[in-house]
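Student: Mind looking over this structure? Questions follow.
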Amino acid sequence: MPVSVLTLLAFLIGGNVHDGDTFTSIDGTRWRLYGVDALELDQVCGGQPCGEMARDALEQLIAGQQVDCESRGRSYGRIVGQCHVGDLDLSREMIRAGWAFDEPDFSHGIYSYDETIARDHRRGMWGMSGVVRPREWRKLNDTTTVRASAK
């Protein structure tokens, strides 16, 4: 079901980006980007704060923009949404920029080509050493906030 544009509007006056694939709209709704798994906020790649960099990338895509999302389900208290700013699919843009992984179990592989291109061109995290998939990082770091990789 499409969510009202008003629900997600005016990110500049109250929305909050939590990490590279999760944000809260001004009405308090927590959104999880569909089909991706972005770096965890505390992740470090080659000594660089790549998790924070992923969050900053999503923040830049959203800031001051109208975000439209279509619900694709729920995951751990968040609505999973295919979200757009204008014609830009935010999941695709995060992968293309090299800050998120395609999760084909959920995306059905629609972003796999974008991930290959980002990796081949060493964009974002792909230009750093020590990149670990977020789900593996969560296991290695025994995070208490267990969540589905990309529902």
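Each chain in the structure tokens gets a letter, A, B, ..., in the order shown, and its residues are numbered from 1; ligands are numbered from 1 in order too.
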Near stretch 125-130 of chain A, within 6 Å and counting only C-alpha atoms, which residues show up once chain neighbours fewer than 5 positions away are dropped, as a PyMOL selection string?

Tutor: chain A and resi 45-46+98-99+119

Student: Using only C-alpha atoms, which residue out of A:Ala63, A:Val85, A:Val36, A:Ile26 lies closest to A:Tyr111?

Tutor: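 Using only C-alpha atoms, A:Tyr111 sits closest to A:Val36.
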
Student: What separation in Å, quoted to one decimal, exists between atom CA of A:Val132 and atom CA of A:Ala118?

Tutor: 15.4 Å

Student: According to DSSP computed on the backbone, where in stretch 59-93 of chain A is there strand (DSSP E)? Give the residues as a list in words.

Tutor: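 The strand (DSSP E) residues within stretch 59-93 of chain A come out as Asp68, Cys69, Glu70, Ser71, Arg72, Gly73, Arg74, Ser75, Arg78, Ile79, Val80, Gly81, Gln82, Cys83, His84, Val85, Leu88 and Asp89 of chain A.
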
Student: Please measure the separation of atom CA of A:Trp31 and atom CA of A:Ile79, giving the value in Å to one decimal.

Tutor: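 Computed distance, atom CA of A:Trp31 to atom CA of A:Ile79, equals 4.9 Å.
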
Student: Grab the atom CA of A:Ser75 to atom CA of A:Glu40 distance for me, in Å with one decimal place.

Tutor: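 Separation between atom CA of A:Ser75 and atom CA of A:Glu40: 16.3 Å.
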
Student: Restricting the calculation to only C-alpha atoms, which member of A:Glu93, A:Arg78, A:Pro134, A:Gly35 is positioned closest to A:Gly51?

Tutor: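 The answer is A:Pro134, which sits nearest to A:Gly51.
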
Student: I want to know what sits within 10 Å of A:Cys50, based on only C-alpha atoms, with residues of the same chain fewer than 3 positions away left out; could you give that as a VMD selection string?

Tutor: chain A and resid 20 38 to 47 53 to 56 99 124 to 125 128 131

Student: Could you dump the residues just selected with all heavy atoms as a short mmCIF file (atom, residue, chain, number, x, y, z; two decimals), in the first residue's frame?

Tutor:
data_model
loop_
_atom_site.label_atom_id
_atom_site.label_comp_id
_atom_site.auth_asym_id
_atom_site.auth_seq_id
_atom_site.Cartn_x
_atom_site.Cartn_y
_atom_site.Cartn_z
N GLY A 20 22.81 3.53 7.00
CA GLY A 20 22.72 3.56 5.54
C GLY A 20 21.48 2.94 4.94
O GLY A 20 21.29 3.02 3.72
N ALA A 38 22.90 -2.18 4.29
CA ALA A 38 23.98 -1.19 4.32
C ALA A 38 24.90 -1.47 5.50
O ALA A 38 24.53 -2.16 6.46
CB ALA A 38 23.40 0.21 4.43
N LEU A 39 26.08 -0.92 5.42
CA LEU A 39 27.05 -1.06 6.49
C LEU A 39 26.46 -0.60 7.82
O LEU A 39 25.71 0.38 7.86
CB LEU A 39 28.30 -0.23 6.16
CG LEU A 39 29.03 -0.66 4.90
CD1 LEU A 39 29.98 0.42 4.43
CD2 LEU A 39 29.75 -1.98 5.13
N GLU A 40 26.80 -1.30 8.89
CA GLU A 40 26.34 -0.91 10.23
C GLU A 40 27.05 0.37 10.65
O GLU A 40 28.21 0.60 10.26
CB GLU A 40 26.62 -2.03 11.23
CG GLU A 40 25.76 -3.25 11.03
CD GLU A 40 24.28 -3.00 11.24
OE1 GLU A 40 23.91 -2.19 12.14
OE2 GLU A 40 23.47 -3.59 10.51
N LEU A 41 26.39 1.16 11.44
CA LEU A 41 26.90 2.48 11.82
C LEU A 41 28.30 2.39 12.43
O LEU A 41 29.16 3.23 12.15
CB LEU A 41 25.94 3.15 12.79
CG LEU A 41 26.19 4.61 13.08
CD1 LEU A 41 26.18 5.45 11.81
CD2 LEU A 41 25.16 5.14 14.06
N ASP A 42 28.58 1.38 13.22
CA ASP A 42 29.88 1.25 13.89
C ASP A 42 30.94 0.53 13.04
O ASP A 42 32.07 0.34 13.51
CB ASP A 42 29.72 0.50 15.22
CG ASP A 42 28.90 1.28 16.22
OD1 ASP A 42 28.85 2.52 16.12
OD2 ASP A 42 28.29 0.66 17.12
N GLN A 43 30.60 0.12 11.84
CA GLN A 43 31.56 -0.59 11.01
C GLN A 43 32.70 0.32 10.57
O GLN A 43 32.50 1.50 10.30
CB GLN A 43 30.89 -1.19 9.76
CG GLN A 43 30.41 -2.60 9.99
CD GLN A 43 29.94 -3.26 8.72
OE1 GLN A 43 28.75 -3.24 8.43
NE2 GLN A 43 30.85 -3.87 7.98
N VAL A 44 33.89 -0.30 10.50
CA VAL A 44 35.09 0.38 10.05
C VAL A 44 35.68 -0.45 8.92
O VAL A 44 35.72 -1.67 8.99
CB VAL A 44 36.11 0.52 11.21
CG1 VAL A 44 37.41 1.13 10.73
CG2 VAL A 44 35.51 1.35 12.34
N CYS A 45 36.12 0.21 7.87
CA CYS A 45 36.74 -0.46 6.72
C CYS A 45 38.10 0.17 6.49
O CYS A 45 38.18 1.37 6.20
CB CYS A 45 35.88 -0.30 5.46
SG CYS A 45 34.16 -0.80 5.63
N GLY A 46 39.15 -0.60 6.64
CA GLY A 46 40.49 -0.06 6.42
C GLY A 46 40.79 1.14 7.29
O GLY A 46 41.44 2.08 6.84
N GLY A 47 40.29 1.13 8.51
CA GLY A 47 40.52 2.24 9.44
C GLY A 47 39.62 3.44 9.23
O GLY A 47 39.72 4.42 9.95
N MET A 53 29.96 6.73 7.03
CA MET A 53 29.96 7.25 5.67
C MET A 53 28.71 6.79 4.91
O MET A 53 28.14 7.57 4.12
CB MET A 53 31.23 6.82 4.95
CG MET A 53 32.49 7.43 5.59
SD MET A 53 34.01 6.60 5.10
CE MET A 53 34.43 7.59 3.67
N ALA A 54 28.27 5.56 5.15
CA ALA A 54 27.04 5.07 4.53
C ALA A 54 25.84 5.87 5.02
O ALA A 54 24.98 6.28 4.23
CB ALA A 54 26.86 3.58 4.83
N ARG A 55 25.79 6.12 6.33
CA ARG A 55 24.70 6.94 6.87
C ARG A 55 24.70 8.32 6.24
O ARG A 55 23.65 8.84 5.83
CB ARG A 55 24.84 7.06 8.39
CG ARG A 55 23.73 7.94 8.99
CD ARG A 55 24.10 8.62 10.28
NE ARG A 55 25.36 9.32 10.17
CZ ARG A 55 26.21 9.47 11.18
NH1 ARG A 55 25.95 8.96 12.37
NH2 ARG A 55 27.34 10.13 11.01
N ASP A 56 25.88 8.92 6.14
CA ASP A 56 25.99 10.27 5.57
C ASP A 56 25.54 10.29 4.11
O ASP A 56 24.92 11.26 3.66
CB ASP A 56 27.42 10.79 5.68
CG ASP A 56 27.85 11.01 7.13
OD1 ASP A 56 26.99 10.98 8.05
OD2 ASP A 56 29.06 11.19 7.36
N TRP A 99 27.68 1.90 -0.89
CA TRP A 99 27.46 1.95 0.55
C TRP A 99 26.50 0.88 1.05
O TRP A 99 26.20 0.84 2.25
CB TRP A 99 26.98 3.33 0.98
CG TRP A 99 28.00 4.38 0.69
CD1 TRP A 99 27.86 5.45 -0.13
CD2 TRP A 99 29.34 4.45 1.21
NE1 TRP A 99 29.02 6.18 -0.17
CE2 TRP A 99 29.96 5.58 0.66
CE3 TRP A 99 30.09 3.65 2.09
CZ2 TRP A 99 31.26 5.96 0.94
CZ3 TRP A 99 31.39 4.03 2.37
CH2 TRP A 99 31.97 5.16 1.81
N GLY A 124 32.68 3.92 -3.03
CA GLY A 124 32.34 3.81 -1.61
C GLY A 124 33.22 2.80 -0.89
O GLY A 124 34.44 2.85 -0.98
N MET A 125 32.57 1.86 -0.20
CA MET A 125 33.30 0.86 0.59
C MET A 125 34.21 0.00 -0.26
O MET A 125 35.21 -0.53 0.23
CB MET A 125 32.31 -0.03 1.34
CG MET A 125 31.47 -0.92 0.45
SD MET A 125 30.29 -1.87 1.41
CE MET A 125 29.08 -2.26 0.15
N MET A 128 37.87 0.57 -0.22
CA MET A 128 38.53 0.44 1.09
C MET A 128 38.89 -1.03 1.33
O MET A 128 38.35 -1.92 0.69
CB MET A 128 37.56 0.90 2.20
CG MET A 128 37.10 2.31 2.04
SD MET A 128 35.85 2.69 3.28
CE MET A 128 35.33 4.30 2.74
N VAL A 131 36.41 -4.80 3.97
CA VAL A 131 34.96 -4.71 3.89
C VAL A 131 34.35 -6.06 4.28
O VAL A 131 34.74 -7.11 3.78
CB VAL A 131 34.50 -4.33 2.46
CG1 VAL A 131 32.98 -4.38 2.34
CG2 VAL A 131 35.02 -2.95 2.10
#

Student: Write out as a ChimeraX atom specification each polymer residue whose atoms come within 7 Å of A:Thr22, counting only C-alpha atoms; drop sequence neighbours fewer than 3 positions from it.

Tutor: /A:17-19,31-33

Student: Emit the selected residues as a short mmCIF file (atom, residue, chain, number, x, y, z; two decimals), in the first residue's frame, including N, CA and C atoms.

Tutor:
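For reference, again-v1.cif as written:
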data_model
loop_
_atom_site.label_atom_id
_atom_site.label_comp_id
_atom_site.auth_asym_id
_atom_site.auth_seq_id
_atom_site.Cartn_x
_atom_site.Cartn_y
_atom_site.Cartn_z
N VAL A 17 18.14 10.13 9.86
CA VAL A 17 18.76 8.96 9.24
C VAL A 17 19.55 8.24 10.32
N HIS A 18 19.27 6.96 10.50
CA HIS A 18 19.92 6.18 11.55
C HIS A 18 21.20 5.53 11.04
N ASP A 19 21.14 4.97 9.85
CA ASP A 19 22.30 4.34 9.23
C ASP A 19 22.06 4.32 7.73
N TRP A 31 11.57 3.58 8.76
CA TRP A 31 11.61 2.97 7.43
C TRP A 31 12.92 2.23 7.23
N ARG A 32 12.84 1.07 6.59
CA ARG A 32 14.00 0.26 6.23
C ARG A 32 13.98 0.14 4.71
N LEU A 33 15.08 0.49 4.04
CA LEU A 33 15.12 0.41 2.58
C LEU A 33 15.00 -1.04 2.12
#

Student: I need the helix (DSSP H, G or I) residues of stretch 10-136 of chain A per DSSP on the backbone, written as a PyMOL selection string.

Tutor: chain A and resi 11-13+50-62+90-96+104-107+112-120+124-127+134-136
